[in-house]
Every structure is written in structure tokens, then in C-alpha cells.
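What follows is input_4.cif (mmCIF, C-alpha atoms).
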```cif
data_data
#
loop_
_atom_site.group_PDB
_atom_site.id
_atom_site.type_symbol
_atom_site.label_atom_id
_atom_site.label_comp_id
_atom_site.auth_asym_id
_atom_site.auth_seq_id
_atom_site.Cartn_x
_atom_site.Cartn_y
_atom_site.Cartn_z
ATOM 1 C CA MET A 276 126.950 109.317 108.161
ATOM 2 C CA ASN A 277 129.111 110.471 111.095
ATOM 3 C CA THR A 278 129.103 107.633 113.654
ATOM 4 C CA ASN A 279 130.132 110.044 116.435
ATOM 5 C CA ARG A 280 126.715 111.631 116.558
ATOM 6 C CA GLN A 281 125.050 110.699 119.826
ATOM 7 C CA LYS A 282 121.745 112.528 119.446
ATOM 8 C CA ILE A 283 120.095 110.215 116.924
ATOM 9 C CA LYS A 284 118.732 106.898 118.164
ATOM 10 C CA VAL A 285 116.820 104.174 116.310
ATOM 11 C CA PHE A 286 114.635 101.594 118.060
ATOM 12 C CA ALA A 287 112.502 98.801 116.638
ATOM 13 C CA GLY A 288 109.411 96.881 117.618
ATOM 14 C CA ASN A 289 109.159 93.156 117.023
ATOM 15 C CA ALA A 290 107.515 93.580 113.600
ATOM 16 C CA SER A 291 110.443 95.389 111.945
ATOM 17 C CA LYS A 292 113.679 94.342 113.645
ATOM 18 C CA GLU A 293 115.260 92.990 110.468
ATOM 19 C CA LEU A 294 114.462 96.131 108.470
ATOM 20 C CA ALA A 295 115.585 98.342 111.369
ATOM 21 C CA SER A 296 118.940 96.536 111.468
ATOM 22 C CA LYS A 297 119.403 97.171 107.739
ATOM 23 C CA ILE A 298 118.501 100.853 108.183
ATOM 24 C CA CYS A 299 120.981 101.217 111.043
ATOM 25 C CA LYS A 300 123.678 99.599 108.915
ATOM 26 C CA GLU A 301 123.001 102.212 106.215
ATOM 27 C CA LEU A 302 123.183 104.987 108.843
ATOM 28 C CA GLU A 303 126.343 103.480 110.398
ATOM 29 C CA ILE A 304 124.843 103.477 113.900
ATOM 30 C CA GLU A 305 123.851 100.757 116.361
ATOM 31 C CA LEU A 306 120.210 99.741 116.793
ATOM 32 C CA GLY A 307 118.919 101.073 120.129
ATOM 33 C CA ASP A 308 118.737 98.742 123.122
ATOM 34 C CA ALA A 309 115.070 98.078 123.857
ATOM 35 C CA HIS A 310 113.191 94.993 124.987
ATOM 36 C CA VAL A 311 109.596 94.561 123.823
ATOM 37 C CA GLY A 312 107.950 91.514 125.362
ATOM 38 C CA THR A 313 104.757 90.496 127.130
ATOM 39 C CA PHE A 314 103.572 89.744 130.636
ATOM 40 C CA SER A 315 102.036 86.323 131.246
ATOM 41 C CA ASP A 316 98.526 87.649 130.504
ATOM 42 C CA GLY A 317 99.604 89.009 127.106
ATOM 43 C CA GLU A 318 99.999 92.683 128.064
ATOM 44 C CA ILE A 319 102.904 94.302 126.225
ATOM 45 C CA SER A 320 105.977 95.194 128.261
ATOM 46 C CA VAL A 321 108.514 97.748 126.992
ATOM 47 C CA ASN A 322 111.932 98.525 128.471
ATOM 48 C CA ILE A 323 114.174 101.198 126.918
ATOM 49 C CA ASN A 324 117.635 100.241 128.177
ATOM 50 C CA GLU A 325 119.565 103.399 127.345
ATOM 51 C CA THR A 326 119.163 107.113 127.847
ATOM 52 C CA VAL A 327 117.179 109.017 125.198
ATOM 53 C CA ARG A 328 116.984 112.412 126.914
ATOM 54 C CA GLY A 329 117.064 115.144 124.283
ATOM 55 C CA ALA A 330 117.708 112.663 121.465
ATOM 56 C CA ASP A 331 116.072 112.589 118.041
ATOM 57 C CA VAL A 332 114.466 109.145 118.281
ATOM 58 C CA PHE A 333 113.110 107.014 115.431
ATOM 59 C CA VAL A 334 110.834 104.070 116.292
ATOM 60 C CA ILE A 335 110.552 101.596 113.409
ATOM 61 C CA GLN A 336 107.464 99.395 113.465
ATOM 62 C CA SER A 337 105.102 98.194 110.736
ATOM 63 C CA THR A 338 101.549 97.698 111.987
ATOM 64 C CA CYS A 339 101.138 94.405 110.153
ATOM 65 C CA GLU A 340 99.817 91.029 111.338
ATOM 66 C CA PRO A 341 99.263 90.611 114.267
ATOM 67 C CA VAL A 342 98.041 94.155 113.724
ATOM 68 C CA ASN A 343 96.692 94.915 117.183
ATOM 69 C CA ASN A 344 99.828 93.671 118.973
ATOM 70 C CA ASN A 345 102.164 95.537 116.657
ATOM 71 C CA LEU A 346 100.132 98.739 116.889
ATOM 72 C CA MET A 347 100.118 98.561 120.696
ATOM 73 C CA GLU A 348 103.873 97.923 120.715
ATOM 74 C CA LEU A 349 104.356 101.107 118.687
ATOM 75 C CA LEU A 350 102.082 103.178 120.931
ATOM 76 C CA ILE A 351 103.674 101.913 124.156
ATOM 77 C CA MET A 352 107.205 102.482 122.844
ATOM 78 C CA ILE A 353 106.284 106.048 121.887
ATOM 79 C CA ASP A 354 104.783 106.607 125.350
ATOM 80 C CA ALA A 355 107.903 105.219 127.048
ATOM 81 C CA LEU A 356 110.169 107.479 124.986
ATOM 82 C CA LYS A 357 108.012 110.544 125.653
ATOM 83 C CA ARG A 358 108.150 109.883 129.416
ATOM 84 C CA ALA A 359 111.926 109.417 129.126
ATOM 85 C CA SER A 360 112.228 113.006 127.778
ATOM 86 C CA ALA A 361 113.224 112.163 124.186
ATOM 87 C CA GLY A 362 113.793 115.350 122.216
ATOM 88 C CA ARG A 363 111.694 114.381 119.190
ATOM 89 C CA ILE A 364 109.872 111.112 118.575
ATOM 90 C CA ASN A 365 109.536 110.003 114.950
ATOM 91 C CA ALA A 366 107.210 107.061 114.265
ATOM 92 C CA VAL A 367 108.637 105.190 111.268
ATOM 93 C CA ILE A 368 105.790 103.010 109.972
ATOM 94 C CA PRO A 369 106.814 101.272 106.732
ATOM 95 C CA TYR A 370 103.360 99.631 106.511
ATOM 96 C CA TYR A 371 100.453 101.570 108.017
ATOM 97 C CA GLY A 372 97.772 99.097 109.103
ATOM 98 C CA TYR A 373 94.028 99.818 109.338
ATOM 99 C CA ALA A 374 94.413 102.084 106.296
ATOM 100 C CA ARG A 375 91.808 100.363 104.114
ATOM 101 C CA GLN A 376 88.925 101.847 106.095
ATOM 102 C CA ASP A 377 89.766 105.429 105.165
ATOM 103 C CA ARG A 378 86.250 106.802 104.597
ATOM 104 C CA LYS A 379 82.597 106.009 105.198
ATOM 105 C CA ALA A 380 81.685 103.877 102.190
ATOM 106 C CA LYS A 381 78.280 103.115 103.725
ATOM 107 C CA ALA A 382 76.275 104.045 106.793
ATOM 108 C CA ARG A 383 77.819 103.285 110.208
ATOM 109 C CA ASP A 384 81.284 102.497 108.820
ATOM 110 C CA PRO A 385 84.279 103.340 111.041
ATOM 111 C CA ILE A 386 87.226 105.342 109.726
ATOM 112 C CA THR A 387 90.039 103.317 111.263
ATOM 113 C CA ALA A 388 92.798 105.139 109.367
ATOM 114 C CA LYS A 389 91.867 108.335 111.237
ATOM 115 C CA LEU A 390 91.452 106.520 114.576
ATOM 116 C CA VAL A 391 94.968 105.054 114.354
ATOM 117 C CA ALA A 392 96.379 108.460 113.370
ATOM 118 C CA ASP A 393 94.791 109.955 116.493
ATOM 119 C CA LEU A 394 96.205 107.167 118.690
ATOM 120 C CA ILE A 395 99.750 107.658 117.357
ATOM 121 C CA THR A 396 99.511 111.416 117.933
ATOM 122 C CA ALA A 397 98.020 111.013 121.424
ATOM 123 C CA ALA A 398 100.795 108.558 122.370
ATOM 124 C CA GLY A 399 103.318 111.348 121.814
ATOM 125 C CA ALA A 400 104.740 111.044 118.293
ATOM 126 C CA ASP A 401 106.024 114.313 116.817
ATOM 127 C CA ARG A 402 106.344 113.106 113.212
ATOM 128 C CA VAL A 403 105.421 110.112 111.066
ATOM 129 C CA LEU A 404 107.513 108.579 108.280
ATOM 130 C CA THR A 405 105.695 105.991 106.174
ATOM 131 C CA MET A 406 105.521 104.512 102.681
ATOM 132 C CA ASP A 407 102.728 104.120 100.121
ATOM 133 C CA LEU A 408 99.645 104.766 102.218
ATOM 134 C CA HIS A 409 96.569 102.962 100.919
ATOM 135 C CA ALA A 410 95.093 106.408 100.220
ATOM 136 C CA ALA A 411 97.206 109.567 100.068
ATOM 137 C CA GLN A 412 94.613 111.612 101.965
ATOM 138 C CA ILE A 413 95.455 109.671 105.152
ATOM 139 C CA GLN A 414 98.344 112.131 105.543
ATOM 140 C CA GLY A 415 95.685 114.727 106.375
ATOM 141 C CA TYR A 416 94.298 112.608 109.227
ATOM 142 C CA PHE A 417 97.375 113.456 111.322
ATOM 143 C CA GLU A 418 97.797 116.662 113.323
ATOM 144 C CA ILE A 419 101.582 116.188 113.073
ATOM 145 C CA PRO A 420 103.915 116.258 110.032
ATOM 146 C CA VAL A 421 103.879 113.175 107.779
ATOM 147 C CA ASP A 422 106.652 112.262 105.331
ATOM 148 C CA HIS A 423 105.259 109.919 102.686
ATOM 149 C CA LEU A 424 107.830 107.819 100.804
ATOM 150 C CA LEU A 425 107.102 106.060 97.510
ATOM 151 C CA GLY A 426 107.913 102.472 96.629
ATOM 152 C CA VAL A 427 107.342 102.896 92.892
ATOM 153 C CA PRO A 428 110.889 104.148 92.084
ATOM 154 C CA ILE A 429 112.444 101.046 93.716
ATOM 155 C CA LEU A 430 110.114 98.679 91.856
ATOM 156 C CA ALA A 431 110.549 100.531 88.568
ATOM 157 C CA LYS A 432 114.359 100.426 88.843
ATOM 158 C CA HIS A 433 114.178 96.624 89.154
ATOM 159 C CA PHE A 434 112.088 96.250 86.002
ATOM 160 C CA ARG A 435 114.145 98.810 84.045
ATOM 161 C CA GLU A 436 117.198 96.668 84.710
ATOM 162 C CA ARG A 437 115.322 93.632 83.366
ATOM 163 C CA ASN A 438 114.913 95.321 79.931
ATOM 164 C CA ILE A 439 111.604 93.584 79.243
ATOM 165 C CA GLU A 440 110.322 94.197 75.709
ATOM 166 C CA ASP A 441 106.731 94.977 74.640
ATOM 167 C CA LEU A 442 105.843 96.069 78.150
ATOM 168 C CA VAL A 443 102.423 97.213 79.385
ATOM 169 C CA VAL A 444 101.724 98.302 82.975
ATOM 170 C CA VAL A 445 98.344 97.076 84.217
ATOM 171 C CA SER A 446 96.235 98.501 87.026
ATOM 172 C CA PRO A 447 94.342 95.652 88.756
ATOM 173 C CA ASP A 448 91.387 97.961 89.452
ATOM 174 C CA LEU A 449 90.167 101.501 88.828
ATOM 175 C CA GLY A 450 91.453 102.670 92.207
ATOM 176 C CA SER A 451 95.077 101.928 91.293
ATOM 177 C CA VAL A 452 95.135 103.802 87.972
ATOM 178 C CA THR A 453 97.158 106.759 89.288
ATOM 179 C CA ARG A 454 99.767 104.418 90.768
ATOM 180 C CA ALA A 455 99.953 102.451 87.501
ATOM 181 C CA ARG A 456 100.303 105.655 85.471
ATOM 182 C CA ASN A 457 103.187 106.871 87.677
ATOM 183 C CA PHE A 458 104.887 103.479 87.448
ATOM 184 C CA ALA A 459 104.452 103.420 83.661
ATOM 185 C CA GLY A 460 106.047 106.872 83.501
ATOM 186 C CA TYR A 461 109.261 105.491 85.015
ATOM 187 C CA LEU A 462 109.273 102.665 82.454
ATOM 188 C CA ASP A 463 108.074 104.705 79.463
ATOM 189 C CA ALA A 464 105.341 102.105 78.897
ATOM 190 C CA PRO A 465 101.600 102.282 78.085
ATOM 191 C CA ILE A 466 98.989 101.261 80.656
ATOM 192 C CA ALA A 467 95.914 99.048 80.708
ATOM 193 C CA ILE A 468 93.163 98.814 83.336
ATOM 194 C CA ILE A 469 91.229 95.854 84.681
ATOM 195 C CA ASP A 470 87.605 96.755 85.335
ATOM 196 C CA LYS A 471 86.325 94.422 88.046
ATOM 197 C CA ARG A 472 83.462 94.065 90.462
ATOM 198 C CA ARG A 473 84.068 93.057 94.094
ATOM 199 C CA PRO A 474 81.006 91.171 95.460
ATOM 200 C CA LYS A 475 82.361 91.268 99.049
ATOM 201 C CA ALA A 476 85.586 91.957 100.963
ATOM 202 C CA ASN A 477 88.633 89.943 99.805
ATOM 203 C CA VAL A 478 86.690 88.529 96.816
ATOM 204 C CA SER A 479 87.184 89.965 93.335
ATOM 205 C CA GLU A 480 85.775 89.181 89.918
ATOM 206 C CA VAL A 481 87.406 90.350 86.693
ATOM 207 C CA MET A 482 84.939 91.881 84.257
ATOM 208 C CA ASN A 483 86.876 93.524 81.396
ATOM 209 C CA ILE A 484 90.301 94.807 80.327
ATOM 210 C CA ILE A 485 90.679 98.357 79.043
ATOM 211 C CA GLY A 486 93.735 98.661 76.811
ATOM 212 C CA ASP A 487 95.845 96.546 74.465
ATOM 213 C CA ILE A 488 97.670 93.686 76.178
ATOM 214 C CA GLU A 489 97.501 90.979 73.497
ATOM 215 C CA GLY A 490 100.988 89.626 72.766
ATOM 216 C CA LYS A 491 102.511 91.939 75.382
ATOM 217 C CA ASN A 492 104.484 91.357 78.538
ATOM 218 C CA VAL A 493 102.539 92.887 81.419
ATOM 219 C CA ILE A 494 103.296 94.131 84.938
ATOM 220 C CA LEU A 495 100.487 94.316 87.490
ATOM 221 C CA ILE A 496 101.071 96.901 90.223
ATOM 222 C CA ASP A 497 99.260 97.501 93.507
ATOM 223 C CA ASP A 498 100.047 99.068 96.875
ATOM 224 C CA MET A 499 99.464 95.827 98.801
ATOM 225 C CA ILE A 500 98.686 92.159 98.243
ATOM 226 C CA ASP A 501 96.572 90.644 101.009
ATOM 227 C CA THR A 502 94.864 87.343 100.132
ATOM 228 C CA ALA A 503 96.191 87.636 96.535
ATOM 229 C CA GLY A 504 92.749 87.016 95.013
ATOM 230 C CA THR A 505 92.772 90.257 93.017
ATOM 231 C CA ILE A 506 96.290 89.894 91.644
ATOM 232 C CA THR A 507 96.036 86.179 90.730
ATOM 233 C CA ASN A 508 92.579 86.566 89.132
ATOM 234 C CA ALA A 509 93.960 89.509 87.174
ATOM 235 C CA ALA A 510 96.946 87.451 86.015
ATOM 236 C CA SER A 511 94.629 84.675 84.800
ATOM 237 C CA ALA A 512 92.437 87.162 82.944
ATOM 238 C CA LEU A 513 95.449 88.789 81.277
ATOM 239 C CA LYS A 514 96.606 85.388 80.043
ATOM 240 C CA GLU A 515 93.131 84.665 78.685
ATOM 241 C CA PHE A 516 93.186 87.992 76.850
ATOM 242 C CA GLY A 517 96.493 87.078 75.156
ATOM 243 C CA ALA A 518 99.240 88.481 77.400
ATOM 244 C CA LYS A 519 102.659 86.801 77.214
ATOM 245 C CA ASP A 520 104.638 86.893 80.472
ATOM 246 C CA VAL A 521 102.838 88.247 83.556
ATOM 247 C CA TYR A 522 104.786 90.014 86.286
ATOM 248 C CA ALA A 523 103.390 91.616 89.424
ATOM 249 C CA CYS A 524 104.702 93.975 92.092
ATOM 250 C CA CYS A 525 103.548 95.727 95.226
ATOM 251 C CA THR A 526 104.935 97.698 98.141
ATOM 252 C CA HIS A 527 103.331 95.855 101.060
ATOM 253 C CA PRO A 528 103.335 92.014 101.113
ATOM 254 C CA VAL A 529 100.513 91.399 103.608
ATOM 255 C CA LEU A 530 100.058 87.869 102.166
ATOM 256 C CA SER A 531 97.411 86.535 104.535
ATOM 257 C CA GLY A 532 95.249 83.420 104.378
ATOM 258 C CA PRO A 533 95.520 81.552 101.049
ATOM 259 C CA ALA A 534 97.828 84.144 99.440
ATOM 260 C CA ILE A 535 100.983 82.023 99.085
ATOM 261 C CA GLU A 536 99.091 79.015 97.711
ATOM 262 C CA ARG A 537 97.322 81.245 95.187
ATOM 263 C CA ILE A 538 100.553 82.912 94.066
ATOM 264 C CA ASN A 539 102.327 79.565 93.806
ATOM 265 C CA ASN A 540 99.588 78.224 91.523
ATOM 266 C CA SER A 541 99.076 81.435 89.530
ATOM 267 C CA GLU A 542 100.136 82.675 86.092
ATOM 268 C CA ILE A 543 102.556 85.153 87.687
ATOM 269 C CA ASP A 544 106.141 84.577 86.504
ATOM 270 C CA GLU A 545 107.692 86.898 89.094
ATOM 271 C CA LEU A 546 106.181 88.777 92.038
ATOM 272 C CA VAL A 547 108.376 91.646 93.229
ATOM 273 C CA LEU A 548 107.771 92.884 96.773
ATOM 274 C CA LEU A 549 109.328 95.385 99.163
ATOM 275 C CA ASP A 550 110.308 94.478 102.718
ATOM 276 C CA THR A 551 107.992 96.930 104.500
ATOM 277 C CA ILE A 552 106.576 93.743 106.039
ATOM 278 C CA GLU A 553 109.012 90.976 106.947
ATOM 279 C CA LEU A 554 108.329 87.689 105.148
ATOM 280 C CA ASP A 555 108.249 84.436 107.099
ATOM 281 C CA ASP A 556 110.366 81.644 105.631
ATOM 282 C CA ASP A 557 107.292 79.758 104.404
ATOM 283 C CA LYS A 558 106.361 82.777 102.267
ATOM 284 C CA LYS A 559 109.711 82.939 100.462
ATOM 285 C CA ILE A 560 108.679 80.889 97.452
ATOM 286 C CA LYS A 561 110.562 80.658 94.149
ATOM 287 C CA ASN A 562 108.608 83.262 92.158
ATOM 288 C CA ILE A 563 108.741 85.923 94.915
ATOM 289 C CA ASN A 564 111.566 88.476 94.797
ATOM 290 C CA CYS A 565 111.859 90.815 97.795
ATOM 291 C CA LEU A 566 113.688 94.162 97.487
ATOM 292 C CA SER A 567 114.728 96.282 100.462
ATOM 293 C CA VAL A 568 113.481 99.758 101.382
ATOM 294 C CA ALA A 569 116.287 100.217 103.941
ATOM 295 C CA GLY A 570 118.246 102.616 101.733
ATOM 296 C CA ILE A 571 115.423 105.076 101.136
ATOM 297 C CA PHE A 572 114.257 104.981 104.765
ATOM 298 C CA ALA A 573 117.815 105.537 105.985
ATOM 299 C CA GLU A 574 118.220 108.533 103.685
ATOM 300 C CA ALA A 575 114.847 109.944 104.815
ATOM 301 C CA ILE A 576 115.787 109.506 108.495
ATOM 302 C CA LYS A 577 119.115 111.242 107.879
ATOM 303 C CA ARG A 578 117.337 114.138 106.146
ATOM 304 C CA ILE A 579 114.739 114.493 108.909
ATOM 305 C CA TYR A 580 117.500 114.498 111.536
ATOM 306 C CA GLU A 581 119.469 117.160 109.632
ATOM 307 C CA ASN A 582 116.308 119.193 108.835
ATOM 308 C CA LEU A 583 116.758 118.746 105.093
ATOM 309 C CA SER A 584 114.097 118.240 102.428
ATOM 310 C CA VAL A 585 112.716 114.698 102.171
ATOM 311 C CA SER A 586 110.961 115.474 98.879
ATOM 312 C CA LYS A 587 114.383 115.829 97.221
ATOM 313 C CA LEU A 588 114.555 112.019 97.326
ATOM 314 C CA PHE A 589 112.068 111.944 94.444
ATOM 315 C CA ASP A 590 113.538 114.656 92.222
#
```

As C-alpha cells, how would this structure be written, given the file I've shared?
Amino acid sequence: MNTNRQKIKVFAGNASKELASKICKELEIELGDAHVGTFSDGEISVNINETVRGADVFVIQSTCEPVNNNLMELLIMIDALKRASAGRINAVIPYYGYARQDRKAKARDPITAKLVADLITAAGADRVLTMDLHAAQIQGYFEIPVDHLLGVPILAKHFRERNIEDLVVVSPDLGSVTRARNFAGYLDAPIAIIDKRRPKANVSEVMNIIGDIEGKNVILIDDMIDTAGTITNAASALKEFGAKDVYACCTHPVLSGPAIERINNSEIDELVLLDTIELDDDKKIKNINCLSVAGIFAEAIKRIYENLSVSKLFD
């Protein structure tokens, strides 16, 4: 990319500075000069230390843990840039938090995915760039354009290069079947489905496996791993049903609570993640392999800036 261009600027919140630096390296530009800190009472303080007037600005921030702080950082940065007369403000949200409450599953449920979309729009964002939303319909919750990138091609490329024989792609639940089918298409592999019941939030119970996995090497795929109960229970069940090696992959490594301990003690030989959420050092255990999304985000940012098609990335 031409480094002489002055009208594109990339800034980062505290949640995604490492990823933002990688993206800027791909774009051959410097990361924008901004300070995001707090006042003594915990209020977020934002200072944009360079002019953005008329610029095409990209703010990179995953709304991961601590979710509320990171979300407020994003909103306040967008507001600061809007008031500084940025030409176009693009919210780059590799991991979109609050996405799991995307509909009313029972009476009096909130729809937080829509609430957060409204907040981002009200703050002044003109466009959103994100990856693997928990539910694709969340794109429709925004009144501004949304570019939705996919992590599956990056994960599939990794496993294609491994040349694993007798491969079956497994969906850990009925809700992930479409994702598993798409992933299996890249690998030219059959799929299987785990039929499970979830008694309460963050607790899963495996009930049955639909498909032939006996004597096969299997890959579990999901959009995110939070407490890792679903994925580790699924790995145990697959072993009990006769699977050989068990691999797992996901786009968003939330990895909260007992997740690392569960993964460390699980039947999973390799867990492949993407860096939409930055991993702390204590989460970088031996069977976790983290791949970067910097290349695809950089290409998408370049295409948005040059008004080219983003969908061409997936042709």
C-alpha cells in the first residue's frame, strides 16, 4: 500500500493494540497516536493526539473482557473522532461482544446485540467491520453498513496444510451446523453433529452424536469458546464414541473462568484460535495455536478505503 497516503488513519483501543499494530504493518502505515486511559474514579479518558480532519479513520477495538470498559472505550473514541471532524469513522470490531443475546428467547429478555448496535451508531460510526458474528442477522441490527468477515477460510487453510487423514468436521451443537458445513466444504470432509441439551447458561450436556466418527480424526468448530465446557465435553464424548485424534478451532477465544484448566485437561490434541481477542500469557498453553487475522482485516480496510468490494475476499 502507498505509504504516502495521508487520508487513512488507524487507531486502537486498549483491547486490540497488538492486532492493530499487525494490521498497520500489513498496510505499511503507522498506528495513530491516541491515548486511552482513565481518570482516578475509573471514567475513561481519550486523547487523539493528531489531526483527523477529513480522514478515513478506522478504530480497532474488540469488545471483549472487560466488556463494558472496552465497549465504552470504543464509543468514546468514536465520539472524539466525530467531534474532530473525521471524514468517515469505521468501527473495526474483530470480536463483537453482547452478541449472544440476539433475540427474545423467553419473556422479558433483553436484545443486547441490538442495543450495542444502536450505541455504536449513535456515537457516530459510519461503518462497521467485524468477523464471525454470533448470529449473522446481527448485521441487520445496524442502520449503517456492516462488512462481515469470515474466520473459516483461515482456520481451514491451517488444517488443509496439516493433511490429516480420515477427517470428519463436527458441529458441537445444532446451532453451529451451517458453520460446520461451510468449514467441511473447504476441507472436502463429511460432517457430524453433537445433539446436546443445555440445562442452564455455560453448562452443557452431550446427549448423542449424529454421524460416523468411529476411527476418524475429528475437528470441532465453533464461533467462540467461552468457559470451554461445550468444546471439552464434546471432545470427551467423541473419544467415547471411538474418535481418534480430536482437534478444535474457533474464531473468538473468550476463554473465561475455568476455560484454560478445562482445555489443558481435555482430550483436545490441538486448539486453533484466531487473534480477534488478545491472549494473556497465562492462556498460551502448549495445545493452543493462535493464528492472526491481521492480513484479512488489513485487506478489508484497504478495500473499504479505496471503495472496492470486500466480498471479493471470499471468492

- Query: Which is closest to Asn365 (chain A) among A:Tyr580, A:Glu305, A:Asp393, A:Ile560, if we use all atoms listed in the file?
  - Reply: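 Closest to Asn365 (chain A), using all atoms listed in the file: A:Tyr580.
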
- Message: Once the PyMOL selection byres ((chain A and resi 442-454) around 7) has been evaluated on this model, what residues remain selected, and can you format them as a PyMOL selection string?
- Response: chain A and resi 439-441+455-459+464-471+488+491-497+506+509

- Give me the result of the PyMOL selection byres ((chain A and resi 370-374) around 6) on this file, residue by residue, as a PyMOL selection string. chain A and resi 337-339+368-369+375-377+387-388+409+551

- Message: If I take CA of Cys565 (chain A) and CA of Cys525 (chain A), how far is one from the other in Å, to one decimal?
- Response: 10.0 Å

- Pick out the closest residue to Val585 (chain A) from this set: A:Gln414, A:Ser360, A:Thr405, A:Thr396. Count all atoms listed in the file.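 Smallest distance to Val585 (chain A) is found for A:Thr405.
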
- Task: List the residues selected by the PyMOL selection byres ((chain A and resi 363) around 12) in the file shown, writing them as number ranges by chain.
- Result: A: 282-285, 327-334, 353, 356-362, 364-366, 399-403, 419, 579-580

- Task: Would you work out the distance separating CA of Ala575 (chain A) from CA of Asp422 (chain A), expressed in Å to one decimal?
- Result: 8.5 Å

Please complete region 535-553 of chain A so it has N, CA, C and O atoms, and hand it over as a short mmCIF file (atom, residue, chain, number, x, y, z; two decimals), in the coordinates of the input.
```
data_model
loop_
_atom_site.label_atom_id
_atom_site.label_comp_id
_atom_site.auth_asym_id
_atom_site.auth_seq_id
_atom_site.Cartn_x
_atom_site.Cartn_y
_atom_site.Cartn_z
N ILE A 535 99.80 82.71 99.62
CA ILE A 535 100.98 82.02 99.08
C ILE A 535 100.57 80.88 98.17
O ILE A 535 101.16 80.69 97.08
N GLU A 536 99.57 80.12 98.56
CA GLU A 536 99.09 79.02 97.71
C GLU A 536 98.58 79.55 96.38
O GLU A 536 98.87 78.97 95.31
N ARG A 537 97.85 80.65 96.42
CA ARG A 537 97.32 81.24 95.19
C ARG A 537 98.45 81.72 94.29
O ARG A 537 98.42 81.52 93.06
N ILE A 538 99.43 82.40 94.86
CA ILE A 538 100.55 82.91 94.07
C ILE A 538 101.36 81.76 93.46
O ILE A 538 101.77 81.81 92.30
N ASN A 539 101.56 80.72 94.25
CA ASN A 539 102.33 79.56 93.81
C ASN A 539 101.66 78.87 92.62
O ASN A 539 102.35 78.33 91.74
N ASN A 540 100.33 78.90 92.58
CA ASN A 540 99.59 78.22 91.52
C ASN A 540 99.09 79.18 90.44
O ASN A 540 98.26 78.81 89.61
N SER A 541 99.59 80.40 90.44
CA SER A 541 99.08 81.44 89.53
C SER A 541 99.88 81.50 88.23
O SER A 541 100.88 80.81 88.05
N GLU A 542 99.46 82.41 87.37
CA GLU A 542 100.14 82.68 86.09
C GLU A 542 101.26 83.69 86.24
O GLU A 542 101.87 84.10 85.25
N ILE A 543 101.55 84.11 87.46
CA ILE A 543 102.56 85.15 87.69
C ILE A 543 103.97 84.55 87.61
O ILE A 543 104.30 83.63 88.35
N ASP A 544 104.77 85.07 86.68
CA ASP A 544 106.14 84.58 86.50
C ASP A 544 107.07 85.07 87.61
O ASP A 544 107.95 84.34 88.06
N GLU A 545 106.88 86.33 88.02
CA GLU A 545 107.69 86.90 89.09
C GLU A 545 106.85 87.92 89.85
O GLU A 545 106.21 88.77 89.25
N LEU A 546 106.86 87.81 91.18
CA LEU A 546 106.18 88.78 92.04
C LEU A 546 107.26 89.52 92.82
O LEU A 546 108.00 88.92 93.60
N VAL A 547 107.35 90.82 92.59
CA VAL A 547 108.38 91.65 93.23
C VAL A 547 107.74 92.43 94.37
O VAL A 547 106.76 93.14 94.17
N LEU A 548 108.30 92.26 95.56
CA LEU A 548 107.77 92.88 96.77
C LEU A 548 108.83 93.76 97.42
O LEU A 548 110.02 93.62 97.13
N LEU A 549 108.40 94.63 98.33
CA LEU A 549 109.33 95.38 99.16
C LEU A 549 109.22 94.88 100.60
O LEU A 549 108.19 94.35 101.01
N ASP A 550 110.28 95.06 101.38
CA ASP A 550 110.31 94.48 102.72
C ASP A 550 109.75 95.40 103.80
O ASP A 550 110.26 95.45 104.92
N THR A 551 108.69 96.14 103.48
CA THR A 551 107.99 96.93 104.50
C THR A 551 107.36 96.02 105.54
O THR A 551 107.13 96.43 106.68
N ILE A 552 107.05 94.79 105.14
CA ILE A 552 106.58 93.74 106.04
C ILE A 552 107.54 92.57 105.89
O ILE A 552 107.82 92.13 104.77
N GLU A 553 108.04 92.07 107.01
CA GLU A 553 109.01 90.98 106.95
C GLU A 553 108.31 89.67 106.56
O GLU A 553 107.26 89.34 107.11
#
```
